[in-house]
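Note sheet for the following structure.
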Amino acid sequence: MENKEKRENLTLLFFLLLFVLIRLFSSSPYFFISMDEGKYLKLAQNLPSYILFNNNFYISHPPLYPLMLKIFGFAMPDHTAGLLLSHLSAIGFILLGVFLLRRLKTKESVIYAAVAFLSVSHLLYYWTNMIYKEVFFTFLAYLFIFTFAASLLTGGKRFMIAASIAGFLLGVTSDLAIFLFPVAACIILLYGREHLRQKKYGALFFPAVFMAAGYGIWIVGRWWIYANNVYYPAGVDGLIEKVADYRLLHLLTPRSFPGTKELTQAGLSLNPKHYIKYMGAFFNMLPPFHVSSSSVGKKDVFLFLVIYAPLAAFLFSGIISSLKSKEKAGYLMLAIMLSFSASIIFEISDPRFSLPALLPAAYFLGKGLMRNKKIAGALSLLLPVFLGGFAVFWLWTNPCFFGSLQKVAELQKTGEFINALPKDGVMAQFGYPPEIAYLTDKRLICLPLRTGDFEEQIEMYGINYVVCGTEETYNDEVIKYIKSDTHRFVNIKIVDEEYPPVNKNEKVYVFEIKR
């Protein structure tokens, strides 16, 4: 028995080491800062003042993630700090996932299969190599789930205290914390009956109460800002919204304000392609097994038929098997999976919001694969060989260690030009504000969607410069209006931006407003 346990631990350690190795390397010597990454890095720079657009308090996301970036950034460049935090969070997530599955008495073969799947998951790899809060949130989510379940299973106070702290931290990390309340309820129903009989209500409810407290503090902060302002840069990329007309939904997510909702198409999705693409991201693996969602060729069709369709079948087989056998672990995994997949119904939703659902997907996939004894026996031999071979292939084709990557920021030249301008007050089209905020010290808001709002806001907020590109999809009405009046809106610079990491070029126009 001792030898068997030692062998199982060594096998698991081998799988975990390969998981870590694959994450740490990429094919490019550059790290390209784009999208929301500039926003998080600027927020970290600005701490202890939690300000961003228009130099106002930033209300879209709670402050813990930027604070962690700030702490890590004391010892290294900001982009390296962000990547290290993401990598450590991914490692913490996989370790906590293993601890949870072992605590729930899951077969070792199922755990091996789950770790192997997560090791080659494109979704997890991609966001682990980005400076976004979702991987960090996923780590905290499983810290909460593991310690809360362990506190009820063992009766240990230390687990309960750890779960309460993790719950509070989740509440000040992301609005996604709301999806953990159904999971907490499921843990109580599955493992808390003895505590209910003994009237140990503290162990049952303290962790969820602390999470509600952290989340509630942030919601109250939003309410205070809405209640004391008529207009505020509460929308996406600093878009000015009329917050005085707030409703309950706006307290839960500023994305539901009218301007942001229109700009990002944040309503409910009825498009089947959206759901297929979203769910497909759960199965998609790293190259050479990766399937492109943008251009489907013969190779993609072949991989779908030979690899992905069978994987989906095994996953659903694992779900059905768990439900039939009435396993508590299966019920908990299903609750996590369903809760964190709920955001799929929104058109603006991204699979990264559902990262915590990856462990249940890997669990059910492992259950489905290991149901058949012949398949289970073959996989026990093949999985270590496959993962070891894949790790060698990955390191050979992706030799660049994340700690040595050279930083390249989107709009780098534009940012340098804007920062040297004599006046303050910049308005930029949707997509540009996070990078301009990161690269400059200028006061900045997002270009609105209507010319009437534009005229009102340039006076209200003292705007002197407008930045836009050749892509006019989002703010086309206002951009065309600006370009049509060459006397009032003077083009003072056309910047040719080049981005070697993504093989992309773009022209950026900077206009000065003449009064």
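Residues in the structure tokens are named by chain (A, B, ... in the order shown) and by number from 1 within that chain; ligands are numbered from 1 in the order shown.
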
(Q) Can you tell me, as a VMD selection string, which residues in segment 14-219 of chain A count as alpha helix (DSSP H) by DSSP? (A) chain A and resid 14 to 23 37 to 46 64 to 73 78 to 103 108 to 119 122 to 128 134 to 154 157 to 171 180 to 191 193 to 197 201 to 219

Q: Extract, using only C-alpha atoms, all DNA, RNA and protein residues at most 10 Å from Thr147 of chain A, discarding same-chain residues fewer than 3 positions from it, and format them as a VMD selection string.
A: chain A and resid 96 99 to 100 142 to 144 150 to 153 156 158 to 164 166 207

Extract, using only C-alpha atoms, all DNA, RNA and protein residues at most 9 Å from segment 371-382 of chain A, discarding same-chain residues fewer than 4 positions from it, and format them as a PDB file with all heavy atoms, in the first residue's frame.
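Listed below is the output, around-v2.pdb:
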```pdb
ATOM      1  N   SER A 109      -6.505   7.747 -11.274  1.00  0.00           N
ATOM      2  CA  SER A 109      -6.479   7.722 -12.742  1.00  0.00           C
ATOM      3  C   SER A 109      -7.303   8.871 -13.322  1.00  0.00           C
ATOM      4  O   SER A 109      -6.938   9.464 -14.344  1.00  0.00           O
ATOM      5  CB  SER A 109      -7.026   6.382 -13.262  1.00  0.00           C
ATOM      6  OG  SER A 109      -8.353   6.162 -12.800  1.00  0.00           O
ATOM      7  N   TYR A 112      -5.195  12.020 -12.903  1.00  0.00           N
ATOM      8  CA  TYR A 112      -4.141  12.078 -13.925  1.00  0.00           C
ATOM      9  C   TYR A 112      -4.699  12.603 -15.251  1.00  0.00           C
ATOM     10  O   TYR A 112      -4.109  13.466 -15.907  1.00  0.00           O
ATOM     11  CB  TYR A 112      -3.525  10.693 -14.171  1.00  0.00           C
ATOM     12  CG  TYR A 112      -2.859  10.067 -12.985  1.00  0.00           C
ATOM     13  CD1 TYR A 112      -2.710   8.688 -12.918  1.00  0.00           C
ATOM     14  CD2 TYR A 112      -2.374  10.820 -11.926  1.00  0.00           C
ATOM     15  CE1 TYR A 112      -2.100   8.078 -11.834  1.00  0.00           C
ATOM     16  CE2 TYR A 112      -1.773  10.227 -10.840  1.00  0.00           C
ATOM     17  CZ  TYR A 112      -1.640   8.851 -10.792  1.00  0.00           C
ATOM     18  OH  TYR A 112      -1.045   8.265  -9.717  1.00  0.00           O
ATOM     19  N   ALA A 113      -5.853  12.044 -15.627  1.00  0.00           N
ATOM     20  CA  ALA A 113      -6.468  12.443 -16.898  1.00  0.00           C
ATOM     21  C   ALA A 113      -6.865  13.917 -16.865  1.00  0.00           C
ATOM     22  O   ALA A 113      -6.690  14.654 -17.847  1.00  0.00           O
ATOM     23  CB  ALA A 113      -7.689  11.579 -17.188  1.00  0.00           C
ATOM     24  N   SER A 317     -20.439  11.554 -21.065  1.00  0.00           N
ATOM     25  CA  SER A 317     -20.505  10.229 -20.447  1.00  0.00           C
ATOM     26  C   SER A 317     -20.126  10.301 -18.976  1.00  0.00           C
ATOM     27  O   SER A 317     -20.749   9.658 -18.122  1.00  0.00           O
ATOM     28  CB  SER A 317     -19.558   9.272 -21.188  1.00  0.00           C
ATOM     29  OG  SER A 317     -19.430   8.054 -20.498  1.00  0.00           O
ATOM     30  N   GLY A 318     -19.092  11.116 -18.681  1.00  0.00           N
ATOM     31  CA  GLY A 318     -18.671  11.285 -17.288  1.00  0.00           C
ATOM     32  C   GLY A 318     -19.738  11.967 -16.452  1.00  0.00           C
ATOM     33  O   GLY A 318     -19.954  11.610 -15.284  1.00  0.00           O
ATOM     34  N   SER A 321     -22.550   9.411 -15.878  1.00  0.00           N
ATOM     35  CA  SER A 321     -22.075   8.400 -14.926  1.00  0.00           C
ATOM     36  C   SER A 321     -22.119   8.920 -13.497  1.00  0.00           C
ATOM     37  O   SER A 321     -22.553   8.215 -12.572  1.00  0.00           O
ATOM     38  CB  SER A 321     -20.644   7.988 -15.288  1.00  0.00           C
ATOM     39  OG  SER A 321     -20.076   7.192 -14.283  1.00  0.00           O
ATOM     40  N   GLY A 366     -12.191  12.965 -17.476  1.00  0.00           N
ATOM     41  CA  GLY A 366     -11.442  11.851 -16.877  1.00  0.00           C
ATOM     42  C   GLY A 366     -12.357  10.715 -16.457  1.00  0.00           C
ATOM     43  O   GLY A 366     -12.039   9.536 -16.669  1.00  0.00           O
ATOM     44  N   LYS A 367     -13.511  11.067 -15.881  1.00  0.00           N
ATOM     45  CA  LYS A 367     -14.486  10.036 -15.476  1.00  0.00           C
ATOM     46  C   LYS A 367     -14.973   9.242 -16.679  1.00  0.00           C
ATOM     47  O   LYS A 367     -15.080   8.012 -16.635  1.00  0.00           O
ATOM     48  CB  LYS A 367     -15.676  10.708 -14.790  1.00  0.00           C
ATOM     49  CG  LYS A 367     -15.400  11.258 -13.421  1.00  0.00           C
ATOM     50  CD  LYS A 367     -15.469  10.221 -12.328  1.00  0.00           C
ATOM     51  CE  LYS A 367     -16.893   9.735 -12.114  1.00  0.00           C
ATOM     52  NZ  LYS A 367     -16.966   8.788 -10.972  1.00  0.00           N
ATOM     53  N   PHE A 386       2.535  10.475 -23.605  1.00  0.00           N
ATOM     54  CA  PHE A 386       1.995  11.562 -24.427  1.00  0.00           C
ATOM     55  C   PHE A 386       2.373  12.925 -23.855  1.00  0.00           C
ATOM     56  O   PHE A 386       2.876  13.802 -24.568  1.00  0.00           O
ATOM     57  CB  PHE A 386       0.468  11.449 -24.510  1.00  0.00           C
ATOM     58  CG  PHE A 386      -0.202  12.714 -24.979  1.00  0.00           C
ATOM     59  CD1 PHE A 386      -0.145  13.105 -26.314  1.00  0.00           C
ATOM     60  CD2 PHE A 386      -0.869  13.542 -24.070  1.00  0.00           C
ATOM     61  CE1 PHE A 386      -0.747  14.285 -26.738  1.00  0.00           C
ATOM     62  CE2 PHE A 386      -1.468  14.718 -24.491  1.00  0.00           C
ATOM     63  CZ  PHE A 386      -1.410  15.087 -25.829  1.00  0.00           C
ATOM     64  N   LEU A 387       2.140  13.120 -22.546  1.00  0.00           N
ATOM     65  CA  LEU A 387       2.397  14.416 -21.949  1.00  0.00           C
ATOM     66  C   LEU A 387       3.893  14.736 -21.931  1.00  0.00           C
ATOM     67  O   LEU A 387       4.290  15.884 -22.178  1.00  0.00           O
ATOM     68  CB  LEU A 387       1.818  14.468 -20.530  1.00  0.00           C
ATOM     69  CG  LEU A 387       1.513  15.859 -19.978  1.00  0.00           C
ATOM     70  CD1 LEU A 387       0.594  16.633 -20.899  1.00  0.00           C
ATOM     71  CD2 LEU A 387       0.901  15.769 -18.584  1.00  0.00           C
TER      72      LEU A 387
END
```

Q: Write out as number ranges by chain each polymer residue whose atoms come within 9 Å of Pro233 of chain A, counting only C-alpha atoms; drop sequence neighbours fewer than 6 positions from it.
A: A: 53-54, 56, 58-59, 239-243, 445-446

Q) Using only C-alpha atoms, which of A:Lys70, A:Leu395, A:Leu64, A:Tyr432 sits nearest Asn46 of chain A? A) A:Lys70

Would you list, as a PDB file with N, CA, C and O atoms, in the first residue's frame, the residues of segment 171-371 of chain A that end up in strand (DSSP E) under DSSP run on this structure's backbone?
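Output file part_27.pdb is given in full below:
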```pdb
ATOM      1  N   TYR A 231     -23.023  62.353 -14.295  1.00  0.00           N
ATOM      2  CA  TYR A 231     -22.254  61.647 -15.323  1.00  0.00           C
ATOM      3  C   TYR A 231     -20.949  61.149 -14.705  1.00  0.00           C
ATOM      4  O   TYR A 231     -20.402  61.789 -13.803  1.00  0.00           O
ATOM      5  N   TYR A 232     -20.454  60.010 -15.235  1.00  0.00           N
ATOM      6  CA  TYR A 232     -19.233  59.426 -14.664  1.00  0.00           C
ATOM      7  C   TYR A 232     -18.622  58.474 -15.697  1.00  0.00           C
ATOM      8  O   TYR A 232     -19.366  57.840 -16.468  1.00  0.00           O
ATOM      9  N   GLU A 241     -21.101  57.716 -18.789  1.00  0.00           N
ATOM     10  CA  GLU A 241     -22.476  57.220 -18.677  1.00  0.00           C
ATOM     11  C   GLU A 241     -23.254  58.113 -17.714  1.00  0.00           C
ATOM     12  O   GLU A 241     -22.675  58.705 -16.791  1.00  0.00           O
ATOM     13  N   LYS A 242     -24.560  58.206 -17.917  1.00  0.00           N
ATOM     14  CA  LYS A 242     -25.414  58.958 -17.003  1.00  0.00           C
ATOM     15  C   LYS A 242     -25.757  58.056 -15.815  1.00  0.00           C
ATOM     16  O   LYS A 242     -26.771  57.354 -15.796  1.00  0.00           O
TER      17      LYS A 242
END
```

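The smallest atom-to-atom distance between Asn9 of chain A and any of A:Ile307, A:Ile111, A:Ile320, A:Leu248, using only C-alpha atoms, is found for A:Ile111.
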
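Checking A:Glu512, A:Asp485, A:Glu410, A:Asp36 one by one against Glu498 of chain A, counting only C-alpha atoms, you find the shortest gap at A:Glu410.
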
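Distance check against Ala81 of chain A using only C-alpha atoms: of A:Phe511, A:Phe402, A:Phe210, A:Phe417, the minimum falls on A:Phe402.
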
Q: Name all residues at most 10 Å from Tyr465 of chain A (count only C-alpha atoms; drop same-chain ones fewer than 6 positions away) and give them as number ranges by chain.
A: A: 418, 421, 423-428, 444, 458, 489-492, 510-514

Would you save the residues of that selection, restricted to N, CA, C and O atoms, as a CSV table (one decimal), in the first residue's frame?
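After the write, selection09.csv holds the following:
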```csv
chain,number,residue,atom,x,y,z
A,418,ILE,N,1.6,61.8,-27.6
A,418,ILE,CA,0.5,62.4,-26.7
A,418,ILE,C,1.1,62.9,-25.4
A,418,ILE,O,0.8,64.0,-25.0
A,421,LEU,N,2.5,66.3,-25.6
A,421,LEU,CA,1.7,67.5,-25.9
A,421,LEU,C,1.5,68.4,-24.7
A,421,LEU,O,1.5,67.9,-23.6
A,423,LYS,N,-1.1,70.3,-23.7
A,423,LYS,CA,-2.4,70.4,-23.0
A,423,LYS,C,-2.8,69.0,-22.4
A,423,LYS,O,-2.3,68.0,-22.9
A,424,ASP,N,-3.8,69.0,-21.5
A,424,ASP,CA,-4.3,67.8,-21.0
A,424,ASP,C,-5.7,67.6,-21.6
A,424,ASP,O,-6.2,68.5,-22.3
A,425,GLY,N,-6.4,66.5,-21.3
A,425,GLY,CA,-7.7,66.2,-21.8
A,425,GLY,C,-7.7,65.5,-23.1
A,425,GLY,O,-7.6,66.1,-24.2
A,426,VAL,N,-7.7,64.1,-23.1
A,426,VAL,CA,-7.7,63.3,-24.3
A,426,VAL,C,-8.9,62.5,-24.4
A,426,VAL,O,-9.4,61.9,-23.4
A,427,MET,N,-9.5,62.4,-25.6
A,427,MET,CA,-10.6,61.5,-25.9
A,427,MET,C,-10.2,60.5,-27.0
A,427,MET,O,-9.7,60.9,-28.0
A,428,ALA,N,-10.3,59.2,-26.7
A,428,ALA,CA,-9.9,58.2,-27.7
A,428,ALA,C,-11.0,57.2,-28.0
A,428,ALA,O,-11.8,56.9,-27.2
A,444,LEU,N,-8.0,61.1,-19.5
A,444,LEU,CA,-8.4,60.4,-20.7
A,444,LEU,C,-9.8,59.9,-20.5
A,444,LEU,O,-10.2,59.3,-19.4
A,458,ILE,N,-16.8,67.3,-24.8
A,458,ILE,CA,-15.5,67.9,-25.0
A,458,ILE,C,-15.5,69.3,-24.2
A,458,ILE,O,-14.4,69.7,-23.8
A,489,PHE,N,-11.2,70.6,-36.1
A,489,PHE,CA,-10.4,69.4,-35.6
A,489,PHE,C,-9.2,69.3,-36.5
A,489,PHE,O,-9.3,68.7,-37.6
A,490,VAL,N,-8.1,69.7,-36.1
A,490,VAL,CA,-6.9,69.8,-36.9
A,490,VAL,C,-6.1,68.5,-36.7
A,490,VAL,O,-5.7,68.2,-35.5
A,491,ASN,N,-5.8,67.8,-37.7
A,491,ASN,CA,-4.9,66.6,-37.6
A,491,ASN,C,-3.5,67.0,-37.4
A,491,ASN,O,-2.8,67.5,-38.3
A,492,ILE,N,-3.0,66.8,-36.2
A,492,ILE,CA,-1.6,67.3,-35.9
A,492,ILE,C,-0.6,66.1,-36.0
A,492,ILE,O,0.6,66.4,-36.0
A,510,VAL,N,-4.1,61.8,-34.6
A,510,VAL,CA,-4.3,62.6,-33.4
A,510,VAL,C,-4.8,64.0,-33.9
A,510,VAL,O,-4.2,64.6,-34.7
A,511,PHE,N,-5.9,64.4,-33.3
A,511,PHE,CA,-6.5,65.7,-33.7
A,511,PHE,C,-6.5,66.6,-32.5
A,511,PHE,O,-6.7,66.2,-31.4
A,512,GLU,N,-6.2,67.9,-32.8
A,512,GLU,CA,-6.3,68.9,-31.8
A,512,GLU,C,-7.6,69.7,-32.0
A,512,GLU,O,-8.0,70.1,-33.1
A,513,ILE,N,-8.3,70.0,-30.9
A,513,ILE,CA,-9.6,70.7,-31.0
A,513,ILE,C,-9.3,72.2,-30.9
A,513,ILE,O,-8.7,72.7,-29.9
A,514,LYS,N,-9.6,73.0,-31.9
A,514,LYS,CA,-9.4,74.4,-31.9
A,514,LYS,C,-10.6,75.2,-31.4
A,514,LYS,O,-11.8,74.9,-31.9
```

Q.
Ranking A:Glu416, A:Glu108, A:Glu134, A:Asp78 by minimum distance to Leu355 of chain A and counting only C-alpha atoms, which one comes first?
A. A:Glu134

What are the nearest atom pairs, with distances in Å to one decimal, for all residues of segment 346-411 of chain A that come at most 10 Å from segment 327-339 of chain A, using only C-alpha atoms, set out by chain and rising residue number as a Markdown table?
```
| residue | atom | partner | partner_atom | distance |
| --- | --- | --- | --- | --- |
| A:Ser354 | CA | A:Met337 | CA | 8.2 |
| A:Leu355 | CA | A:Met337 | CA | 9.5 |
| A:Pro356 | CA | A:Ile336 | CA | 7.4 |
| A:Ala357 | CA | A:Met337 | CA | 4.5 |
| A:Leu358 | CA | A:Met337 | CA | 7.6 |
| A:Leu359 | CA | A:Met333 | CA | 7.9 |
| A:Pro360 | CA | A:Met333 | CA | 4.9 |
| A:Ala361 | CA | A:Met337 | CA | 7.1 |
| A:Ala362 | CA | A:Met333 | CA | 9.9 |
| A:Tyr363 | CA | A:Met333 | CA | 7.7 |
| A:Phe364 | CA | A:Gly330 | CA | 8.0 |
| A:Lys367 | CA | A:Gly330 | CA | 9.6 |
```

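Between atom CA of Gly368 of chain A and atom CA of Arg7 of chain A there is a distance of 23.4 Å.
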
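Of the residues under consideration (A:His61, A:Lys480, A:Arg193, A:Arg255), A:His61 shows the shortest atom-to-atom contact distance to Leu43 of chain A when counting only C-alpha atoms.
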
Q) Quick one: residues within 12 Å of Asp350 of chain A, only C-alpha atoms counted, chain neighbours fewer than 2 positions away excluded, as an MDAnalysis selection string? A) chainID A and resid 123 127 134 264 266 274:275 277:282 340:348 352:355

Q.
If I take atom CA of Ser325 of chain A and atom CA of Gly97 of chain A, how far is one from the other in Å, to one decimal?
A. 21.7 Å
